[in-house]
Amino acid sequence: MHAALSIRGLTKVYDNSFHALKGIDLEVPQGDFFALLGPNGAGKSTTLGVVSSLVRKTAGEVSIYGIDVDRDFARARYYLGVVPQEFNFNQFEKVEDIVLTQAGYYGIPRRQAEERAHQLLEDLGLWDKRHDAARMLSGGMKRRLMIARALIHRPKLLILDEPTAGVDIELRRSMWEYMKRINEQEGTTIILTTHYLEEAESLCRNIAIINHGEIVHNTSMRELLGQLSRETFVLDLASPVAQCPVIEGFDVERLDDSQLTLSVDKGQRINDAFARLSEQNIEVVSMRNRANRLEELFVRMVEGSNGTQGQQGGIR
Amino acid sequence: MNARQKLVALWTIVRSEIRRFMRIWPQTLLPPSITMTMYFIIFGNLIGSRIGQMDGVDYMDYIVPGLIMMSVITNSYSNVASSFFGSKFQRSVEEMIISPMPNWLVLSGFVIGGAARGLAVGIIVTAVSLFFTDLQIQHPILTILVVIMTAVLFSIGGFINALLGKKFDDISIVPIFVLTPLTYLGGVFYSIHTLPEFWQNVSLINPILYMVNTFRYGILGVSDINVGAAVGAIAVFIVIFFSAAIWLLRRGKGLRS
């Protein structure tokens, strides 16, 4: 079975001699929910730009469901739906017209596309806005409009380039549910880039991390998270503590009167730490990860590939 | 894409383009009718009555074909230039680039849309002219052929301008500094036979002269140039411009980084 997306030796050198991609290889299996992560300027959008033909590659091969994009570009594009990072629709067009016009570009007659457009606009909460000009929509609605537009021709591979940027948390979660649904129920392969690492961790099964135009890690989310050798939790206490408790074998820090941080190494049992705290009459009412697990790993890997510390500006 | 799908895609672009210029008719269809009415009143009625005849016809009748052609040229050109550059500026052109449509189809869609506006304005100006003169078309087929060919040629020109343009200024430079002077000097208001021999020869390198005169021949039956050669030259220009636009699209000029 062909991969949904196969990239071999992809190189991109811009006119100003900037090497955006340095011969990357990437394979995304059919039906996958795949995260492509990296700091700003790492090469994510250039990679996706080449796949969607908005960027000309310098060298390498790209195939979508086994179809080489250079040899049979028209057929390859039927398989592909793209939701770009920036709004790229005619702001003066009506919502419904934007979706139906896109269907026309794929040779789908307007009458035939209307039913599908209706369904998509309903599902994405835009049906009531169908007669409004796109410029009248909120930022979140515009993002959903681009998703509806990208899905109108039923693509098998959907590229989402930061689809939830600037979207409030409630809407973001409803968009996650929708993306999960089309991945699980319709079998659409999804490639996601995002700066919300919680989003990638919760949605994606496989992941590639790109930095300085090179893939620095490419594995399953489970395996990647398994590499986390230490996790740090924030513990909320039932009553205040005057000084930091000592628990043998664990690193504990007192954040304030009623909060501690507890670092647990791989192989250690968190229950042992709780037992020691109980012995000291310290009751924990709740706990949470101090940072997103993927975020911790991501920062470490990117720092490793940078060879320096603290160069991840812009990662939330 | 099969033939039916291509037809649907082509119609989608043409439909969008026609709807665009119809939606903003006060900016697209109304101004030329007002401007040309002024030309007819001032140059045709007031000044024309003192000029008398040009190449054996009344001056008002003489300038009508030129003014119709001037409207067709500027509107075909500016429609595609502004629409395609606008879609580049808003990045909605990316919708087309990532679709399976071949380059020639995208180009044809915009060109048909531009020609449609040029011809719509041409019809409006012709209708306005009927208030000032009794228009008798001598060679209807040639008239229709040359006006369509001209609209197509300048629509392609507008497309190339939009492809190469990087800012809005770039799409107004050609119409203001190239098209307008060439049109005014292309025999809209005078016969080149009224010029000294040197300037007659200079005028012959102006391509718009051939379009205006062929169109005038179609309507009035008088022309400064060889009509058959002019139609051939327009056809050759269309092929050259179309090929250049396809070449630029294939290279992704102004569209792909």
# chains A, B, ... in the order shown; residues from 1 in each chain; ligands from 1
>>> residues_around(residues="B:Ile63", least_positions_apart="5", cutoff="9 Å", atoms="only C-alpha atoms", output="list in words")
Phe40, Phe43, Gly44, Asp58, Ile68, Gly187, Val188, Phe189, Tyr190 and Arg216 of chain B
>>> interface_residues(of="chain B", to="chain A", cutoff="12 Å", atoms="only C-alpha atoms", output="ChimeraX atom specification")
/B:1-17,19-20,23-24,83-103,105-106,109,250-257
>>> write_last_selection(atoms="N, CA and C atoms", output="short mmCIF file (atom, residue, chain, number, x, y, z; two decimals), in the first residue's frame")
data_model
loop_
_atom_site.label_atom_id
_atom_site.label_comp_id
_atom_site.auth_asym_id
_atom_site.auth_seq_id
_atom_site.Cartn_x
_atom_site.Cartn_y
_atom_site.Cartn_z
N MET B 1 -8.06 15.63 -15.23
CA MET B 1 -9.42 16.14 -15.43
C MET B 1 -9.92 15.71 -16.81
N ASN B 2 -11.15 15.23 -16.86
CA ASN B 2 -11.69 14.93 -18.18
C ASN B 2 -12.29 16.21 -18.78
N ALA B 3 -12.76 16.07 -20.04
CA ALA B 3 -13.22 17.27 -20.76
C ALA B 3 -14.37 17.97 -20.04
N ARG B 4 -15.28 17.17 -19.47
CA ARG B 4 -16.45 17.75 -18.79
C ARG B 4 -16.01 18.52 -17.53
N GLN B 5 -15.07 17.93 -16.80
CA GLN B 5 -14.57 18.59 -15.59
C GLN B 5 -13.87 19.90 -15.94
N LYS B 6 -13.13 19.86 -17.06
CA LYS B 6 -12.43 21.09 -17.49
C LYS B 6 -13.44 22.17 -17.85
N LEU B 7 -14.51 21.76 -18.49
CA LEU B 7 -15.55 22.72 -18.88
C LEU B 7 -16.19 23.35 -17.62
N VAL B 8 -16.43 22.51 -16.62
CA VAL B 8 -17.01 23.01 -15.36
C VAL B 8 -16.04 24.01 -14.71
N ALA B 9 -14.75 23.65 -14.69
CA ALA B 9 -13.74 24.51 -14.07
C ALA B 9 -13.62 25.84 -14.82
N LEU B 10 -13.65 25.75 -16.16
CA LEU B 10 -13.55 26.97 -16.98
C LEU B 10 -14.75 27.88 -16.71
N TRP B 11 -15.91 27.29 -16.69
CA TRP B 11 -17.13 28.08 -16.45
C TRP B 11 -17.10 28.70 -15.05
N THR B 12 -16.51 27.98 -14.09
CA THR B 12 -16.43 28.50 -12.72
C THR B 12 -15.63 29.81 -12.70
N ILE B 13 -14.50 29.83 -13.41
CA ILE B 13 -13.69 31.05 -13.44
C ILE B 13 -14.42 32.16 -14.20
N VAL B 14 -14.97 31.80 -15.37
CA VAL B 14 -15.66 32.81 -16.19
C VAL B 14 -16.83 33.41 -15.42
N ARG B 15 -17.59 32.54 -14.77
CA ARG B 15 -18.76 32.98 -13.99
C ARG B 15 -18.33 33.94 -12.88
N SER B 16 -17.26 33.58 -12.17
CA SER B 16 -16.76 34.44 -11.08
C SER B 16 -16.34 35.80 -11.63
N GLU B 17 -15.66 35.77 -12.77
CA GLU B 17 -15.17 37.02 -13.35
C GLU B 17 -16.32 37.92 -13.81
N ARG B 19 -19.43 37.81 -12.73
CA ARG B 19 -20.16 38.27 -11.53
C ARG B 19 -19.41 39.41 -10.85
N ARG B 20 -18.07 39.33 -10.87
CA ARG B 20 -17.27 40.37 -10.22
C ARG B 20 -17.50 41.73 -10.87
N ARG B 23 -21.07 42.95 -10.35
CA ARG B 23 -21.35 43.36 -8.97
C ARG B 23 -20.88 44.79 -8.71
N ILE B 24 -19.77 45.14 -9.34
CA ILE B 24 -19.21 46.49 -9.12
C ILE B 24 -19.43 47.35 -10.36
N SER B 83 -8.30 42.08 -11.60
CA SER B 83 -8.89 40.89 -10.98
C SER B 83 -7.80 39.87 -10.62
N PHE B 84 -6.90 39.58 -11.55
CA PHE B 84 -5.88 38.57 -11.26
C PHE B 84 -4.87 39.09 -10.24
N PHE B 85 -4.52 40.37 -10.35
CA PHE B 85 -3.59 40.90 -9.35
C PHE B 85 -4.26 40.91 -7.97
N GLY B 86 -5.55 41.23 -7.95
CA GLY B 86 -6.31 41.22 -6.69
C GLY B 86 -6.31 39.83 -6.07
N SER B 87 -6.45 38.81 -6.91
CA SER B 87 -6.46 37.45 -6.36
C SER B 87 -5.05 37.04 -5.89
N LYS B 88 -4.03 37.63 -6.53
CA LYS B 88 -2.65 37.40 -6.03
C LYS B 88 -2.47 38.10 -4.69
N PHE B 89 -2.96 39.33 -4.63
CA PHE B 89 -2.80 40.14 -3.42
C PHE B 89 -3.52 39.50 -2.23
N GLN B 90 -4.72 38.99 -2.49
CA GLN B 90 -5.49 38.35 -1.41
C GLN B 90 -5.09 36.89 -1.22
N ARG B 91 -4.22 36.42 -2.09
CA ARG B 91 -3.73 35.04 -2.09
C ARG B 91 -4.80 34.02 -2.47
N SER B 92 -5.96 34.49 -2.93
CA SER B 92 -6.98 33.52 -3.32
C SER B 92 -6.57 32.79 -4.60
N VAL B 93 -5.55 33.29 -5.28
CA VAL B 93 -5.03 32.61 -6.46
C VAL B 93 -4.50 31.22 -6.08
N GLU B 94 -4.12 31.07 -4.79
CA GLU B 94 -3.60 29.76 -4.34
C GLU B 94 -4.65 28.67 -4.48
N GLU B 95 -5.94 29.07 -4.38
CA GLU B 95 -7.01 28.09 -4.57
C GLU B 95 -6.88 27.43 -5.94
N MET B 96 -6.51 28.24 -6.92
CA MET B 96 -6.40 27.72 -8.28
C MET B 96 -5.11 26.94 -8.48
N ILE B 97 -4.02 27.45 -7.86
CA ILE B 97 -2.72 26.80 -8.06
C ILE B 97 -2.72 25.37 -7.50
N ILE B 98 -3.39 25.17 -6.36
CA ILE B 98 -3.37 23.83 -5.78
C ILE B 98 -4.43 22.91 -6.38
N SER B 99 -5.26 23.46 -7.25
CA SER B 99 -6.31 22.64 -7.88
C SER B 99 -5.74 21.89 -9.08
N PRO B 100 -6.49 20.92 -9.61
CA PRO B 100 -5.96 20.17 -10.77
C PRO B 100 -6.08 20.91 -12.10
N MET B 101 -6.53 22.15 -12.10
CA MET B 101 -6.71 22.87 -13.37
C MET B 101 -5.38 23.12 -14.07
N PRO B 102 -5.29 22.81 -15.36
CA PRO B 102 -4.05 23.14 -16.09
C PRO B 102 -3.92 24.65 -16.28
N ASN B 103 -2.70 25.10 -16.53
CA ASN B 103 -2.44 26.54 -16.66
C ASN B 103 -3.27 27.20 -17.76
N LEU B 105 -6.10 26.54 -18.78
CA LEU B 105 -7.51 26.69 -18.42
C LEU B 105 -7.70 27.92 -17.53
N VAL B 106 -6.78 28.10 -16.58
CA VAL B 106 -6.85 29.27 -15.71
C VAL B 106 -6.74 30.54 -16.55
N GLY B 109 -9.87 31.15 -18.63
CA GLY B 109 -10.99 31.62 -17.81
C GLY B 109 -10.91 33.12 -17.58
N ARG B 250 3.91 28.50 -16.14
CA ARG B 250 4.64 27.24 -15.91
C ARG B 250 5.85 27.47 -15.00
N ARG B 251 6.48 28.60 -15.16
CA ARG B 251 7.62 28.94 -14.29
C ARG B 251 7.17 29.41 -12.91
N GLY B 252 5.86 29.63 -12.78
CA GLY B 252 5.32 30.09 -11.49
C GLY B 252 5.68 31.53 -11.19
N LYS B 253 5.97 32.28 -12.25
CA LYS B 253 6.40 33.68 -12.08
C LYS B 253 5.35 34.48 -11.31
N GLY B 254 5.76 35.04 -10.20
CA GLY B 254 4.86 35.88 -9.41
C GLY B 254 3.84 35.09 -8.61
N LEU B 255 3.89 33.76 -8.72
CA LEU B 255 2.89 32.95 -8.02
C LEU B 255 3.52 31.96 -7.04
N ARG B 256 4.62 31.34 -7.47
CA ARG B 256 5.23 30.31 -6.62
C ARG B 256 6.65 30.72 -6.27
N SER B 257 7.04 30.45 -5.03
CA SER B 257 8.38 30.89 -4.61
C SER B 257 9.41 29.81 -4.89
#
>>> atom_distance(atom1="atom CA of B:Ser33", atom2="atom CA of B:Leu107")
27.9 Å
>>> select_by_dssp(residues="stretch 7-256 of chain A", states="helix (DSSP H, G or I)", output="MDAnalysis selection string")
chainID A and resid 44:51 73:78 95:105 110:123 127:129 134:136 139:151 169:184 197:203 221:226
>>> residues_around(residues="stretch 190-192 of chain A", least_positions_apart="3", cutoff="10 Å", atoms="only C-alpha atoms", output="PDB file with N, CA and C atoms, in the first residue's frame")
ATOM      1  N   ALA A   4       0.425   7.740   2.161  1.00  0.00           N
ATOM      2  CA  ALA A   4      -0.404   8.895   1.795  1.00  0.00           C
ATOM      3  C   ALA A   4       0.489  10.009   1.253  1.00  0.00           C
ATOM      4  N   LEU A   5       1.627  10.176   1.901  1.00  0.00           N
ATOM      5  CA  LEU A   5       2.599  11.167   1.423  1.00  0.00           C
ATOM      6  C   LEU A   5       3.992  10.578   1.542  1.00  0.00           C
ATOM      7  N   VAL A  28       4.305   9.416   5.355  1.00  0.00           N
ATOM      8  CA  VAL A  28       3.104   9.475   6.195  1.00  0.00           C
ATOM      9  C   VAL A  28       2.161   8.373   5.720  1.00  0.00           C
ATOM     10  N   PRO A  29       1.890   7.381   6.605  1.00  0.00           N
ATOM     11  CA  PRO A  29       1.033   6.276   6.165  1.00  0.00           C
ATOM     12  C   PRO A  29      -0.420   6.707   5.938  1.00  0.00           C
ATOM     13  N   GLN A  30      -1.132   5.930   5.154  1.00  0.00           N
ATOM     14  CA  GLN A  30      -2.551   6.223   4.898  1.00  0.00           C
ATOM     15  C   GLN A  30      -3.342   6.156   6.201  1.00  0.00           C
ATOM     16  N   GLY A  31      -4.246   7.082   6.382  1.00  0.00           N
ATOM     17  CA  GLY A  31      -5.124   7.094   7.551  1.00  0.00           C
ATOM     18  C   GLY A  31      -4.484   7.676   8.797  1.00  0.00           C
ATOM     19  N   ASP A  32      -3.248   8.116   8.681  1.00  0.00           N
ATOM     20  CA  ASP A  32      -2.526   8.630   9.855  1.00  0.00           C
ATOM     21  C   ASP A  32      -3.011  10.026  10.246  1.00  0.00           C
ATOM     22  N   PHE A  33      -2.772  10.368  11.477  1.00  0.00           N
ATOM     23  CA  PHE A  33      -2.918  11.750  11.953  1.00  0.00           C
ATOM     24  C   PHE A  33      -1.511  12.142  12.370  1.00  0.00           C
ATOM     25  N   PHE A  34      -0.867  12.948  11.557  1.00  0.00           N
ATOM     26  CA  PHE A  34       0.578  13.130  11.633  1.00  0.00           C
ATOM     27  C   PHE A  34       0.913  14.576  11.999  1.00  0.00           C
ATOM     28  N   ALA A  35       1.827  14.738  12.941  1.00  0.00           N
ATOM     29  CA  ALA A  35       2.237  16.097  13.332  1.00  0.00           C
ATOM     30  C   ALA A  35       3.598  16.418  12.724  1.00  0.00           C
ATOM     31  N   LEU A  36       3.698  17.565  12.098  1.00  0.00           N
ATOM     32  CA  LEU A  36       4.991  18.063  11.624  1.00  0.00           C
ATOM     33  C   LEU A  36       5.290  19.318  12.442  1.00  0.00           C
ATOM     34  N   LEU A  37       6.226  19.166  13.362  1.00  0.00           N
ATOM     35  CA  LEU A  37       6.506  20.261  14.291  1.00  0.00           C
ATOM     36  C   LEU A  37       7.896  20.835  14.058  1.00  0.00           C
ATOM     37  N   LYS A  44       8.817  23.851   7.957  1.00  0.00           N
ATOM     38  CA  LYS A  44       7.498  23.173   7.915  1.00  0.00           C
ATOM     39  C   LYS A  44       6.658  23.668   6.737  1.00  0.00           C
ATOM     40  N   LEU A  48       5.347  21.803   3.264  1.00  0.00           N
ATOM     41  CA  LEU A  48       3.941  21.687   2.873  1.00  0.00           C
ATOM     42  C   LEU A  48       3.663  22.496   1.606  1.00  0.00           C
ATOM     43  N   GLY A  81      -6.099  18.169   0.022  1.00  0.00           N
ATOM     44  CA  GLY A  81      -6.817  19.361   0.486  1.00  0.00           C
ATOM     45  C   GLY A  81      -5.868  20.147   1.373  1.00  0.00           C
ATOM     46  N   VAL A  82      -5.878  21.457   1.241  1.00  0.00           N
ATOM     47  CA  VAL A  82      -4.904  22.275   1.982  1.00  0.00           C
ATOM     48  C   VAL A  82      -5.611  23.384   2.760  1.00  0.00           C
ATOM     49  N   VAL A  83      -5.295  23.474   4.037  1.00  0.00           N
ATOM     50  CA  VAL A  83      -5.750  24.605   4.860  1.00  0.00           C
ATOM     51  C   VAL A  83      -4.491  25.380   5.249  1.00  0.00           C
ATOM     52  N   LYS A 156      -8.216  12.834   0.142  1.00  0.00           N
ATOM     53  CA  LYS A 156      -7.791  11.733   1.016  1.00  0.00           C
ATOM     54  C   LYS A 156      -6.678  12.176   1.944  1.00  0.00           C
ATOM     55  N   LEU A 157      -6.000  13.246   1.549  1.00  0.00           N
ATOM     56  CA  LEU A 157      -4.908  13.775   2.378  1.00  0.00           C
ATOM     57  C   LEU A 157      -5.204  15.251   2.660  1.00  0.00           C
ATOM     58  N   LEU A 158      -5.322  15.575   3.935  1.00  0.00           N
ATOM     59  CA  LEU A 158      -5.640  16.955   4.317  1.00  0.00           C
ATOM     60  C   LEU A 158      -4.451  17.547   5.061  1.00  0.00           C
ATOM     61  N   ILE A 159      -3.977  18.678   4.575  1.00  0.00           N
ATOM     62  CA  ILE A 159      -2.864  19.375   5.231  1.00  0.00           C
ATOM     63  C   ILE A 159      -3.426  20.564   6.003  1.00  0.00           C
ATOM     64  N   LEU A 160      -3.154  20.587   7.285  1.00  0.00           N
ATOM     65  CA  LEU A 160      -3.636  21.675   8.138  1.00  0.00           C
ATOM     66  C   LEU A 160      -2.429  22.420   8.690  1.00  0.00           C
ATOM     67  N   ASP A 161      -2.198  23.602   8.172  1.00  0.00           N
ATOM     68  CA  ASP A 161      -1.033  24.382   8.609  1.00  0.00           C
ATOM     69  C   ASP A 161      -1.504  25.375   9.680  1.00  0.00           C
ATOM     70  N   GLU A 162      -1.268  25.019  10.914  1.00  0.00           N
ATOM     71  CA  GLU A 162      -1.697  25.820  12.067  1.00  0.00           C
ATOM     72  C   GLU A 162      -3.178  26.203  11.985  1.00  0.00           C
ATOM     73  N   PRO A 163      -4.045  25.193  11.966  1.00  0.00           N
ATOM     74  CA  PRO A 163      -5.478  25.476  11.749  1.00  0.00           C
ATOM     75  C   PRO A 163      -6.150  26.172  12.915  1.00  0.00           C
ATOM     76  N   MET A 179     -11.776  17.280  13.475  1.00  0.00           N
ATOM     77  CA  MET A 179     -10.626  16.686  12.761  1.00  0.00           C
ATOM     78  C   MET A 179     -10.485  15.203  13.098  1.00  0.00           C
ATOM     79  N   LYS A 180     -10.695  14.874  14.380  1.00  0.00           N
ATOM     80  CA  LYS A 180     -10.631  13.465  14.794  1.00  0.00           C
ATOM     81  C   LYS A 180     -11.675  12.653  14.044  1.00  0.00           C
ATOM     82  N   ILE A 182     -13.174  13.238  11.086  1.00  0.00           N
ATOM     83  CA  ILE A 182     -12.923  12.972   9.659  1.00  0.00           C
ATOM     84  C   ILE A 182     -11.742  12.017   9.479  1.00  0.00           C
ATOM     85  N   ASN A 183     -10.824  12.005  10.450  1.00  0.00           N
ATOM     86  CA  ASN A 183      -9.710  11.062  10.388  1.00  0.00           C
ATOM     87  C   ASN A 183     -10.194   9.645  10.680  1.00  0.00           C
ATOM     88  N   GLY A 187     -11.547   8.249   7.238  1.00  0.00           N
ATOM     89  CA  GLY A 187     -10.231   7.707   6.869  1.00  0.00           C
ATOM     90  C   GLY A 187      -9.317   8.733   6.222  1.00  0.00           C
ATOM     91  N   GLU A 199      -2.120  20.199  21.342  1.00  0.00           N
ATOM     92  CA  GLU A 199      -2.951  19.802  20.206  1.00  0.00           C
ATOM     93  C   GLU A 199      -2.339  18.595  19.489  1.00  0.00           C
ATOM     94  N   ALA A 200      -1.049  18.692  19.220  1.00  0.00           N
ATOM     95  CA  ALA A 200      -0.356  17.594  18.530  1.00  0.00           C
ATOM     96  C   ALA A 200      -0.385  16.330  19.392  1.00  0.00           C
ATOM     97  N   LEU A 203      -3.955  14.782  19.389  1.00  0.00           N
ATOM     98  CA  LEU A 203      -4.550  14.327  18.127  1.00  0.00           C
ATOM     99  C   LEU A 203      -3.697  13.329  17.344  1.00  0.00           C
ATOM    100  N   CYS A 204      -2.378  13.496  17.397  1.00  0.00           N
ATOM    101  CA  CYS A 204      -1.541  12.811  16.397  1.00  0.00           C
ATOM    102  C   CYS A 204      -0.976  11.481  16.886  1.00  0.00           C
ATOM    103  N   ASN A 206       1.566   9.912  14.921  1.00  0.00           N
ATOM    104  CA  ASN A 206       2.986   9.934  14.532  1.00  0.00           C
ATOM    105  C   ASN A 206       3.463  11.375  14.417  1.00  0.00           C
ATOM    106  N   ILE A 207       4.764  11.532  14.493  1.00  0.00           N
ATOM    107  CA  ILE A 207       5.280  12.897  14.587  1.00  0.00           C
ATOM    108  C   ILE A 207       6.655  13.003  13.925  1.00  0.00           C
TER     109      ILE A 207
END
>>> select_by_dssp(residues="stretch 110-230 of chain A", states="strand (DSSP E)", output="ChimeraX atom specification")
/A:157-161,189-193,206-211,214-220,230
>>> closest_residue(among="B:Gly158, B:Gly228, B:Gly165, B:Pro207", to="B:Ala81", atoms="only C-alpha atoms")
B:Gly158
>>> closest_residue(among="A:Met301, A:Leu171, A:Leu237, A:Ala148", to="A:Leu224", atoms="only C-alpha atoms")
A:Met301
>>> atom_distance(atom1="atom CA of A:Ala238", atom2="atom CA of A:Asn271")
17.5 Å
>>> atom_distance(atom1="atom CA of A:Asp265", atom2="atom CA of A:Gly304")
20.3 Å
>>> closest_residue(among="B:Ile51, B:Ala229, B:Val111, B:Ile41", to="B:Leu153", atoms="only C-alpha atoms")
B:Val111
>>> residues_around(residues="stretch 134-146 of chain B", least_positions_apart="6", cutoff="7 Å", atoms="only C-alpha atoms", output="list in words")
Phe215, Gly218, Ile219, Leu220, Gly221 and Val231 of chain B
>>> write_last_selection(atoms="N, CA and C atoms", output="PDB file, in the first residue's frame")
ATOM      1  N   PHE B 215     -11.307  47.738 -37.331  1.00  0.00           N
ATOM      2  CA  PHE B 215     -12.659  47.860 -36.777  1.00  0.00           C
ATOM      3  C   PHE B 215     -13.437  48.956 -37.521  1.00  0.00           C
ATOM      4  N   GLY B 218     -14.569  47.676 -40.734  1.00  0.00           N
ATOM      5  CA  GLY B 218     -15.743  46.823 -40.556  1.00  0.00           C
ATOM      6  C   GLY B 218     -17.026  47.620 -40.464  1.00  0.00           C
ATOM      7  N   ILE B 219     -16.965  48.779 -39.801  1.00  0.00           N
ATOM      8  CA  ILE B 219     -18.180  49.577 -39.608  1.00  0.00           C
ATOM      9  C   ILE B 219     -18.426  50.550 -40.771  1.00  0.00           C
ATOM     10  N   LEU B 220     -17.366  51.306 -41.132  1.00  0.00           N
ATOM     11  CA  LEU B 220     -17.561  52.377 -42.120  1.00  0.00           C
ATOM     12  C   LEU B 220     -17.105  52.015 -43.536  1.00  0.00           C
ATOM     13  N   GLY B 221     -16.244  50.999 -43.609  1.00  0.00           N
ATOM     14  CA  GLY B 221     -15.707  50.632 -44.920  1.00  0.00           C
ATOM     15  C   GLY B 221     -14.522  51.473 -45.321  1.00  0.00           C
ATOM     16  N   VAL B 231      -5.603  41.770 -39.502  1.00  0.00           N
ATOM     17  CA  VAL B 231      -6.241  40.646 -38.801  1.00  0.00           C
ATOM     18  C   VAL B 231      -5.199  39.559 -38.525  1.00  0.00           C
TER      19      VAL B 231
END
>>> residues_around(residues="B:Ile234", least_positions_apart="4", cutoff="8 Å", atoms="only C-alpha atoms", output="JSON, numbers by chain")
{"B": [149, 150, 153, 211, 230, 238]}
>>> write_last_selection(atoms="N, CA and C atoms", output="short mmCIF file (atom, residue, chain, number, x, y, z; two decimals), in the first residue's frame")
data_model
loop_
_atom_site.label_atom_id
_atom_site.label_comp_id
_atom_site.auth_asym_id
_atom_site.auth_seq_id
_atom_site.Cartn_x
_atom_site.Cartn_y
_atom_site.Cartn_z
N MET B 149 -11.17 39.58 -31.14
CA MET B 149 -9.72 39.32 -31.13
C MET B 149 -8.98 40.37 -30.31
N THR B 150 -9.40 41.62 -30.47
CA THR B 150 -8.74 42.70 -29.71
C THR B 150 -8.99 42.53 -28.21
N LEU B 153 -6.81 39.72 -26.99
CA LEU B 153 -5.39 40.10 -26.96
C LEU B 153 -5.07 40.96 -25.73
N MET B 211 -5.75 47.71 -35.14
CA MET B 211 -7.03 47.25 -34.57
C MET B 211 -8.12 48.30 -34.81
N ALA B 230 -3.76 43.19 -41.11
CA ALA B 230 -3.99 43.61 -39.72
C ALA B 230 -4.61 42.46 -38.92
N ILE B 238 -1.85 37.41 -30.60
CA ILE B 238 -2.58 36.60 -29.61
C ILE B 238 -1.78 35.33 -29.29
#
>>> closest_residue(among="A:Asp272, A:Glu283, A:Glu214, A:Glu201", to="A:Ser258", atoms="only C-alpha atoms")
A:Glu283
>>> residues_around(residues="A:Leu120", least_positions_apart="6", cutoff="10 Å", atoms="only C-alpha atoms", output="PyMOL selection string")
chain A and resi 99+114+126-127+144-145+147-149+151-152
>>> write_last_selection(atoms="C-alpha atoms", output="PDB file, in the first residue's frame")
ATOM      1  CA  VAL A  99     -16.747  26.727  -1.078  1.00  0.00           C
ATOM      2  CA  GLU A 114     -24.282  22.190  -3.085  1.00  0.00           C
ATOM      3  CA  LEU A 126     -21.112  28.238   9.234  1.00  0.00           C
ATOM      4  CA  TRP A 127     -24.494  27.488   7.684  1.00  0.00           C
ATOM      5  CA  ARG A 144     -13.360  26.889   9.627  1.00  0.00           C
ATOM      6  CA  LEU A 145     -14.306  28.260   6.220  1.00  0.00           C
ATOM      7  CA  ILE A 147     -11.412  23.734   6.324  1.00  0.00           C
ATOM      8  CA  ALA A 148     -14.825  23.487   4.615  1.00  0.00           C
ATOM      9  CA  ARG A 149     -13.282  24.697   1.360  1.00  0.00           C
ATOM     10  CA  LEU A 151     -12.804  19.291   2.145  1.00  0.00           C
ATOM     11  CA  ILE A 152     -15.322  20.079  -0.606  1.00  0.00           C
TER      12      ILE A 152
END
>>> decode(residues="stretch 98-109 of chain B", atoms="N, CA and C atoms", output="JSON list (two decimals), in the first residue's frame")
[["chain", "number", "residue", "atom", "x", "y", "z"],
["B", 98, "ILE", "N", -3.39, 25.17, -6.36],
["B", 98, "ILE", "CA", -3.37, 23.83, -5.78],
["B", 98, "ILE", "C", -4.43, 22.91, -6.38],
["B", 99, "SER", "N", -5.26, 23.46, -7.25],
["B", 99, "SER", "CA", -6.31, 22.64, -7.88],
["B", 99, "SER", "C", -5.74, 21.89, -9.08],
["B", 100, "PRO", "N", -6.49, 20.92, -9.61],
["B", 100, "PRO", "CA", -5.96, 20.17, -10.77],
["B", 100, "PRO", "C", -6.08, 20.91, -12.10],
["B", 101, "MET", "N", -6.53, 22.15, -12.10],
["B", 101, "MET", "CA", -6.71, 22.87, -13.37],
["B", 101, "MET", "C", -5.38, 23.12, -14.07],
["B", 102, "PRO", "N", -5.29, 22.81, -15.36],
["B", 102, "PRO", "CA", -4.05, 23.14, -16.09],
["B", 102, "PRO", "C", -3.92, 24.65, -16.28],
["B", 103, "ASN", "N", -2.70, 25.10, -16.53],
["B", 103, "ASN", "CA", -2.44, 26.54, -16.66],
["B", 103, "ASN", "C", -3.27, 27.20, -17.76],
["B", 104, "TRP", "N", -3.40, 26.52, -18.90],
["B", 104, "TRP", "CA", -4.11, 27.13, -20.03],
["B", 104, "TRP", "C", -5.56, 27.39, -19.67],
["B", 105, "LEU", "N", -6.10, 26.54, -18.78],
["B", 105, "LEU", "CA", -7.51, 26.69, -18.42],
["B", 105, "LEU", "C", -7.70, 27.92, -17.53],
["B", 106, "VAL", "N", -6.78, 28.10, -16.58],
["B", 106, "VAL", "CA", -6.85, 29.27, -15.71],
["B", 106, "VAL", "C", -6.74, 30.54, -16.55],
["B", 107, "LEU", "N", -5.74, 30.55, -17.44],
["B", 107, "LEU", "CA", -5.54, 31.71, -18.31],
["B", 107, "LEU", "C", -6.79, 31.98, -19.16],
["B", 108, "SER", "N", -7.33, 30.91, -19.76],
["B", 108, "SER", "CA", -8.50, 31.07, -20.64],
["B", 108, "SER", "C", -9.69, 31.63, -19.86],
["B", 109, "GLY", "N", -9.87, 31.15, -18.63],
["B", 109, "GLY", "CA", -10.99, 31.62, -17.81],
["B", 109, "GLY", "C", -10.91, 33.12, -17.58]]
